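Coordinates from start.cif are shown below (mmCIF, C-alpha atoms).
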```cif
data_protein
loop_
_atom_site.label_atom_id
_atom_site.label_comp_id
_atom_site.auth_asym_id
_atom_site.auth_seq_id
_atom_site.Cartn_x
_atom_site.Cartn_y
_atom_site.Cartn_z
CA MET W 1 0.00 0.00 0.00
CA SER W 2 1.37 3.41 -0.92
CA ASP W 3 1.67 6.36 1.45
CA THR W 4 -1.03 8.18 -0.51
CA SER W 5 -3.61 5.43 -0.02
CA VAL W 6 -2.79 5.24 3.69
CA ASN W 7 -3.28 9.00 4.03
CA VAL W 8 -6.57 8.87 2.12
CA THR W 9 -7.80 6.03 4.33
CA GLU W 10 -6.84 7.94 7.49
CA LEU W 11 -8.57 11.07 6.22
CA GLU W 12 -11.73 9.09 5.44
CA GLN W 13 -11.63 7.53 8.92
CA ASP W 14 -11.17 10.95 10.53
CA LYS W 15 -14.08 12.36 8.54
CA THR W 16 -16.26 9.38 9.43
CA LYS W 17 -15.33 9.74 13.11
CA LYS W 18 -16.21 13.47 13.04
CA LEU W 19 -19.53 12.72 11.35
CA ILE W 20 -20.41 10.07 13.94
CA LEU W 21 -19.42 12.36 16.83
CA ALA W 22 -21.41 15.22 15.31
CA ALA W 23 -24.49 12.99 15.05
CA LEU W 24 -23.96 11.86 18.63
CA PHE W 25 -23.65 15.44 19.90
CA ALA W 26 -26.71 16.52 17.89
CA ALA W 27 -28.66 13.67 19.50
CA LEU W 28 -27.35 14.53 22.98
CA THR W 29 -28.27 18.17 22.44
CA CYS W 30 -31.76 17.26 21.24
CA VAL W 31 -32.41 14.83 24.09
CA GLY W 32 -30.84 17.13 26.69
CA THR W 33 -33.13 19.89 25.50
CA MET W 34 -36.29 17.77 25.43
CA ILE W 35 -36.05 15.49 28.45
CA ILE W 36 -35.64 17.90 31.36
CA LYS W 37 -37.82 20.98 30.88
CA VAL W 38 -38.55 23.64 33.44
CA PRO W 39 -41.33 25.88 32.06
CA THR W 40 -40.84 29.65 32.08
CA PRO W 41 -43.43 32.45 32.18
CA THR W 42 -42.52 33.28 28.56
CA MET W 43 -44.03 29.98 27.32
CA GLY W 44 -40.53 28.57 26.80
CA TYR W 45 -38.49 26.32 29.05
CA ILE W 46 -35.10 25.97 30.70
CA HIS W 47 -33.14 22.81 29.87
CA PRO W 48 -29.63 21.29 30.13
CA GLY W 49 -29.23 21.08 26.34
CA ASP W 50 -27.06 24.19 26.25
CA GLY W 51 -24.31 22.26 27.99
CA PHE W 52 -24.22 19.96 24.97
CA VAL W 53 -24.40 22.93 22.60
CA LEU W 54 -21.20 24.30 24.15
CA LEU W 55 -19.57 20.86 24.26
CA SER W 56 -20.37 20.36 20.58
CA GLY W 57 -18.37 23.44 19.67
CA LEU W 58 -15.48 22.76 22.01
CA ILE W 59 -15.02 19.10 21.12
CA LEU W 60 -15.95 19.01 17.44
CA GLY W 61 -14.59 22.36 16.32
CA PRO W 62 -16.16 25.27 14.48
CA VAL W 63 -17.86 23.52 11.55
CA TRP W 64 -18.97 20.13 12.90
CA GLY W 65 -19.64 21.54 16.38
CA SER W 66 -21.80 24.38 15.08
CA LEU W 67 -23.76 22.03 12.84
CA ALA W 68 -24.31 19.50 15.64
CA ALA W 69 -25.41 22.21 18.08
CA GLY W 70 -27.71 23.85 15.53
CA PHE W 71 -29.30 20.66 14.24
CA GLY W 72 -29.75 19.08 17.67
CA SER W 73 -31.39 22.18 19.12
CA ALA W 74 -33.53 22.87 16.06
CA LEU W 75 -34.67 19.25 15.98
CA SER W 76 -35.78 19.58 19.59
CA ASP W 77 -37.87 22.64 18.71
CA LEU W 78 -39.31 20.83 15.71
CA ILE W 79 -40.28 17.74 17.71
CA GLY W 80 -41.52 19.87 20.61
CA GLY W 81 -43.89 21.87 18.42
CA TYR W 82 -41.98 25.17 18.56
CA PHE W 83 -42.00 25.36 14.75
CA ILE W 84 -41.57 29.11 14.47
CA TYR W 85 -38.33 28.88 16.48
CA VAL W 86 -36.64 26.17 14.37
CA PRO W 87 -34.68 28.42 11.96
CA ALA W 88 -33.74 30.92 14.68
CA THR W 89 -32.71 28.16 17.07
CA PHE W 90 -30.50 26.57 14.43
CA ILE W 91 -28.67 29.86 13.83
CA ILE W 92 -28.50 30.95 17.48
CA LYS W 93 -27.25 27.61 18.83
CA ALA W 94 -24.76 27.17 15.98
CA LEU W 95 -23.37 30.64 16.75
CA THR W 96 -23.31 29.81 20.47
CA ALA W 97 -21.11 26.77 19.78
CA LEU W 98 -18.95 28.69 17.31
CA VAL W 99 -18.28 31.62 19.65
CA ALA W 100 -17.48 29.25 22.53
CA TYR W 101 -15.01 27.34 20.33
CA VAL W 102 -13.25 30.41 18.91
CA LEU W 103 -12.88 32.07 22.29
CA TYR W 104 -11.78 28.81 23.97
CA LYS W 105 -9.02 28.31 21.38
CA SER W 106 -7.92 31.94 21.63
CA LEU W 107 -7.85 31.91 25.42
CA SER W 108 -5.96 28.60 25.47
CA LYS W 109 -3.12 30.35 23.65
CA VAL W 110 -3.13 33.35 25.98
CA ILE W 111 -3.89 31.95 29.44
CA ALA W 112 -1.22 29.77 30.99
CA SER W 113 -3.01 27.61 33.54
CA LYS W 114 -2.71 24.11 34.94
CA THR W 115 -6.41 23.59 34.28
CA GLU W 116 -8.67 24.62 31.44
CA LEU W 117 -11.24 25.95 33.85
CA PRO W 118 -10.77 29.69 33.13
CA GLN W 119 -10.92 29.12 29.36
CA LEU W 120 -13.99 26.89 29.70
CA ILE W 121 -15.91 29.29 31.92
CA ILE W 122 -15.11 32.43 29.92
CA SER W 123 -15.82 30.83 26.55
CA GLY W 124 -19.01 29.26 27.89
CA ILE W 125 -20.25 32.59 29.22
CA ALA W 126 -19.49 34.28 25.89
CA GLY W 127 -21.28 31.55 23.96
CA GLU W 128 -24.31 31.76 26.22
CA ALA W 129 -24.35 35.56 25.89
CA VAL W 130 -24.85 34.96 22.16
CA MET W 131 -27.81 32.71 23.00
CA VAL W 132 -29.41 35.26 25.34
CA LEU W 133 -28.93 38.12 22.87
CA GLY W 134 -30.03 35.98 19.90
CA TYR W 135 -33.33 34.95 21.46
CA PHE W 136 -33.93 38.48 22.77
CA LEU W 137 -33.58 39.90 19.24
CA PHE W 138 -35.59 37.10 17.66
CA GLU W 139 -38.45 37.55 20.11
CA ILE W 140 -38.49 41.29 19.45
CA PHE W 141 -38.78 40.48 15.75
CA MET W 142 -41.51 37.91 16.41
CA LEU W 143 -43.54 40.20 18.62
CA SER W 144 -43.06 43.38 16.59
CA VAL W 145 -43.19 42.12 13.01
CA VAL W 146 -45.09 38.84 13.05
CA ASN W 147 -47.60 39.78 15.75
CA GLU W 148 -47.74 43.38 14.47
CA THR W 149 -47.14 45.14 17.77
CA THR W 150 -45.05 48.25 18.25
CA LEU W 151 -41.30 47.91 18.55
CA SER W 152 -41.35 49.19 22.12
CA ALA W 153 -44.01 46.63 23.07
CA GLY W 154 -41.89 43.91 21.46
CA VAL W 155 -38.80 45.00 23.40
CA ILE W 156 -40.68 45.15 26.70
CA ALA W 157 -42.24 41.73 26.18
CA SER W 158 -38.91 40.23 25.11
CA ILE W 159 -37.20 41.41 28.27
CA ALA W 160 -39.16 38.74 30.17
CA GLY W 161 -37.13 36.03 28.42
CA ILE W 162 -33.72 37.35 29.43
CA ILE W 163 -33.61 36.01 33.01
CA PRO W 164 -34.76 32.46 32.12
CA ASN W 165 -32.24 32.38 29.25
CA ILE W 166 -29.46 33.55 31.57
CA ILE W 167 -30.37 30.80 34.05
CA GLN W 168 -30.34 28.25 31.23
CA GLY W 169 -26.97 29.60 30.11
CA VAL W 170 -25.49 29.30 33.61
CA PHE W 171 -26.56 25.66 33.81
CA GLY W 172 -25.16 25.10 30.33
CA VAL W 173 -21.76 26.48 31.38
CA ILE W 174 -21.76 24.33 34.53
CA ILE W 175 -22.67 21.17 32.61
CA MET W 176 -20.06 21.90 29.93
CA THR W 177 -17.36 22.60 32.52
CA VAL W 178 -18.04 19.34 34.37
CA LEU W 179 -18.35 17.11 31.29
CA HIS W 180 -15.66 18.63 29.04
CA PRO W 181 -12.62 16.83 30.51
CA LEU W 182 -14.33 13.44 30.26
CA LEU W 183 -15.81 13.91 26.79
CA LYS W 184 -12.60 15.44 25.44
CA ARG W 185 -10.73 12.25 26.40
CA LEU W 186 -13.42 10.02 24.90
CA ALA W 187 -13.47 11.98 21.64
CA THR W 188 -9.74 11.42 21.10
CA ILE W 189 -9.97 7.63 21.46
#
```

Serialized structure, structure tokens:
Amino acid sequence: MSDTSVNVTELEQDKTKKLILAALFAALTCVGTMIIKVPTPTMGYIHPGDGFVLLSGLILGPVWGSLAAGFGSALSDLIGGYFIYVPATFIIKALTALVAYVLYKSLSKVIASKTELPQLIISGIAGEAVMVLGYFLFEIFMLSVVNETTLSAGVIASIAGIIPNIIQGVFGVIIMTVLHPLLKRLATI
């Protein structure tokens, strides 16, 4: 066997492994979002799925991680009957994973630490800030444009979703921080 065919085979195996891990993380994100739901006054719910959104980005990288996070979260909205949120959720959760990944990689180069804890927490918070801001803006759009209310009424109504989304984000960061060391080792096997 030539070196070229060995390299092609290894590349195919790496791609297959990434695809399988992405599917696994999409499923974990979907299930984590759907199984444990704490209803909020805004007709939404708080869930642990954001931990898997962040883990998707950190473990799978910017492309596969964003796709897994977006698809898993959007699938949960689709199955759960939140049809109007599916496209927005895909974009918001993909961006959440992407921001967490980019910041984690950048901080890992800058922060010299025995643990990855500072990088994990800071990148998780930044990723979840994208989620909070993304849903805030989407809900303003939904309330103002789709429901034909005034912009100020849309903003005021959307403010109610900020605190539940922050709480969800905090739990997501905690879950990601706890599970990252274990899943990072498993993903390299």

Can you tell me which residues surround range 155-161 of chain W at a distance of at most 9 Å, considering all atoms listed in the file, apart from same-chain residues fewer than 6 positions away, and format the answer as a list in words?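 The contact residues come out as Thr40, Pro41, Thr42, Gly44, Val132, Tyr135, Phe136, Leu137, Phe138, Glu139, Ile140, Phe141, Leu143 and Ser144 of chain W.
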
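Minimum atom-to-atom distance to Leu120 in chain W, evaluated using all atoms listed in the file, belongs to W:Ile174 out of W:Ile174, W:Ile91, W:Ile79, W:Ala74.
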
Given the file above and the PyMOL selection byres ((chain W and resi 65) around 10), which residues are selected, and can you give them as a PyMOL selection string? chain W and resi 18+21-23+25-26+52-64+66-71+94-98+101

Let me make sure I understand: among W:Ile121, W:Gln168, W:Val173, W:Leu186, which one has the smallest atom-to-atom distance to Gly51 in chain W if we use only C-alpha atoms?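 Distance minimum relative to Gly51 in chain W lands on W:Val173.
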
Have a look at CA of Lys105 in chain W and CA of Ile175 in chain W and let me know their distance in Å, one decimal. 19.1 Å

Pick out the closest residue to Gly172 in chain W from this set: W:Leu19, W:Ile46, W:Leu103, W:Leu24. Count all atoms listed in the file. W:Ile46

Do a neighbour search on Gly32 in chain W at 7 Å with only C-alpha atoms, toss out local chain neighbours closer than 6 positions, and write the hits as a list of chain:residue names. W:His47, W:Pro48, W:Gly49

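With distances restricted to all atoms listed in the file, W:Thr33 is the closest residue to Leu78 in chain W from W:Thr9, W:Thr33, W:Asn147, W:Ser113.
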
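Straight-line separation from CA of Val31 in chain W to CA of Val102 in chain W: 25.2 Å.
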
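With distances restricted to all atoms listed in the file, W:Ala100 is the closest residue to Glu128 in chain W from W:Leu183, W:Ala100, W:Leu11, W:Leu75.
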
Taking all atoms listed in the file into account, which of W:Val86, W:Ile36, W:Val99, W:Val145 comes nearest Ser123 in chain W?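 Once distances to Ser123 in chain W are computed over all atoms listed in the file, the minimum belongs to W:Val99.
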
Would you kindly place N, CA and C atoms on range 66-84 of chain W and return the model as a PDB file, in the coordinates of the input?
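Saved as selection04.pdb:
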```
ATOM      1  N   SER W  66     -20.685  23.457  15.335  1.00  0.00           N
ATOM      2  CA  SER W  66     -21.800  24.380  15.080  1.00  0.00           C
ATOM      3  C   SER W  66     -22.980  23.661  14.443  1.00  0.00           C
ATOM      4  N   LEU W  67     -22.680  22.789  13.492  1.00  0.00           N
ATOM      5  CA  LEU W  67     -23.760  22.030  12.840  1.00  0.00           C
ATOM      6  C   LEU W  67     -24.469  21.110  13.830  1.00  0.00           C
ATOM      7  N   ALA W  68     -23.697  20.405  14.656  1.00  0.00           N
ATOM      8  CA  ALA W  68     -24.310  19.500  15.640  1.00  0.00           C
ATOM      9  C   ALA W  68     -25.172  20.269  16.624  1.00  0.00           C
ATOM     10  N   ALA W  69     -24.658  21.395  17.126  1.00  0.00           N
ATOM     11  CA  ALA W  69     -25.410  22.210  18.080  1.00  0.00           C
ATOM     12  C   ALA W  69     -26.685  22.765  17.435  1.00  0.00           C
ATOM     13  N   GLY W  70     -26.553  23.282  16.224  1.00  0.00           N
ATOM     14  CA  GLY W  70     -27.710  23.850  15.530  1.00  0.00           C
ATOM     15  C   GLY W  70     -28.762  22.820  15.201  1.00  0.00           C
ATOM     16  N   PHE W  71     -28.332  21.703  14.614  1.00  0.00           N
ATOM     17  CA  PHE W  71     -29.300  20.660  14.240  1.00  0.00           C
ATOM     18  C   PHE W  71     -29.955  20.035  15.452  1.00  0.00           C
ATOM     19  N   GLY W  72     -29.176  19.715  16.479  1.00  0.00           N
ATOM     20  CA  GLY W  72     -29.750  19.080  17.670  1.00  0.00           C
ATOM     21  C   GLY W  72     -30.775  19.971  18.349  1.00  0.00           C
ATOM     22  N   SER W  73     -30.462  21.249  18.477  1.00  0.00           N
ATOM     23  CA  SER W  73     -31.390  22.180  19.120  1.00  0.00           C
ATOM     24  C   SER W  73     -32.621  22.444  18.260  1.00  0.00           C
ATOM     25  N   ALA W  74     -32.402  22.624  16.963  1.00  0.00           N
ATOM     26  CA  ALA W  74     -33.530  22.870  16.060  1.00  0.00           C
ATOM     27  C   ALA W  74     -34.448  21.649  15.989  1.00  0.00           C
ATOM     28  N   LEU W  75     -33.861  20.473  15.999  1.00  0.00           N
ATOM     29  CA  LEU W  75     -34.670  19.250  15.980  1.00  0.00           C
ATOM     30  C   LEU W  75     -35.537  19.161  17.231  1.00  0.00           C
ATOM     31  N   SER W  76     -34.995  19.570  18.351  1.00  0.00           N
ATOM     32  CA  SER W  76     -35.780  19.580  19.590  1.00  0.00           C
ATOM     33  C   SER W  76     -36.965  20.527  19.476  1.00  0.00           C
ATOM     34  N   ASP W  77     -36.750  21.711  18.911  1.00  0.00           N
ATOM     35  CA  ASP W  77     -37.870  22.640  18.710  1.00  0.00           C
ATOM     36  C   ASP W  77     -38.890  22.065  17.739  1.00  0.00           C
ATOM     37  N   LEU W  78     -38.420  21.429  16.690  1.00  0.00           N
ATOM     38  CA  LEU W  78     -39.310  20.830  15.710  1.00  0.00           C
ATOM     39  C   LEU W  78     -40.178  19.746  16.342  1.00  0.00           C
ATOM     40  N   ILE W  79     -39.553  18.828  17.054  1.00  0.00           N
ATOM     41  CA  ILE W  79     -40.280  17.740  17.710  1.00  0.00           C
ATOM     42  C   ILE W  79     -41.209  18.270  18.797  1.00  0.00           C
ATOM     43  N   GLY W  80     -40.741  19.314  19.509  1.00  0.00           N
ATOM     44  CA  GLY W  80     -41.520  19.870  20.610  1.00  0.00           C
ATOM     45  C   GLY W  80     -42.660  20.775  20.188  1.00  0.00           C
ATOM     46  N   GLY W  81     -42.793  21.046  18.896  1.00  0.00           N
ATOM     47  CA  GLY W  81     -43.890  21.870  18.420  1.00  0.00           C
ATOM     48  C   GLY W  81     -43.601  23.362  18.396  1.00  0.00           C
ATOM     49  N   TYR W  82     -42.362  23.753  18.600  1.00  0.00           N
ATOM     50  CA  TYR W  82     -41.980  25.170  18.560  1.00  0.00           C
ATOM     51  C   TYR W  82     -41.503  25.509  17.146  1.00  0.00           C
ATOM     52  N   PHE W  83     -42.374  25.259  16.158  1.00  0.00           N
ATOM     53  CA  PHE W  83     -42.000  25.360  14.750  1.00  0.00           C
ATOM     54  C   PHE W  83     -41.424  26.707  14.351  1.00  0.00           C
ATOM     55  N   ILE W  84     -41.996  27.768  14.867  1.00  0.00           N
ATOM     56  CA  ILE W  84     -41.570  29.110  14.470  1.00  0.00           C
ATOM     57  C   ILE W  84     -40.139  29.390  14.929  1.00  0.00           C
TER      58      ILE W  84
END
```
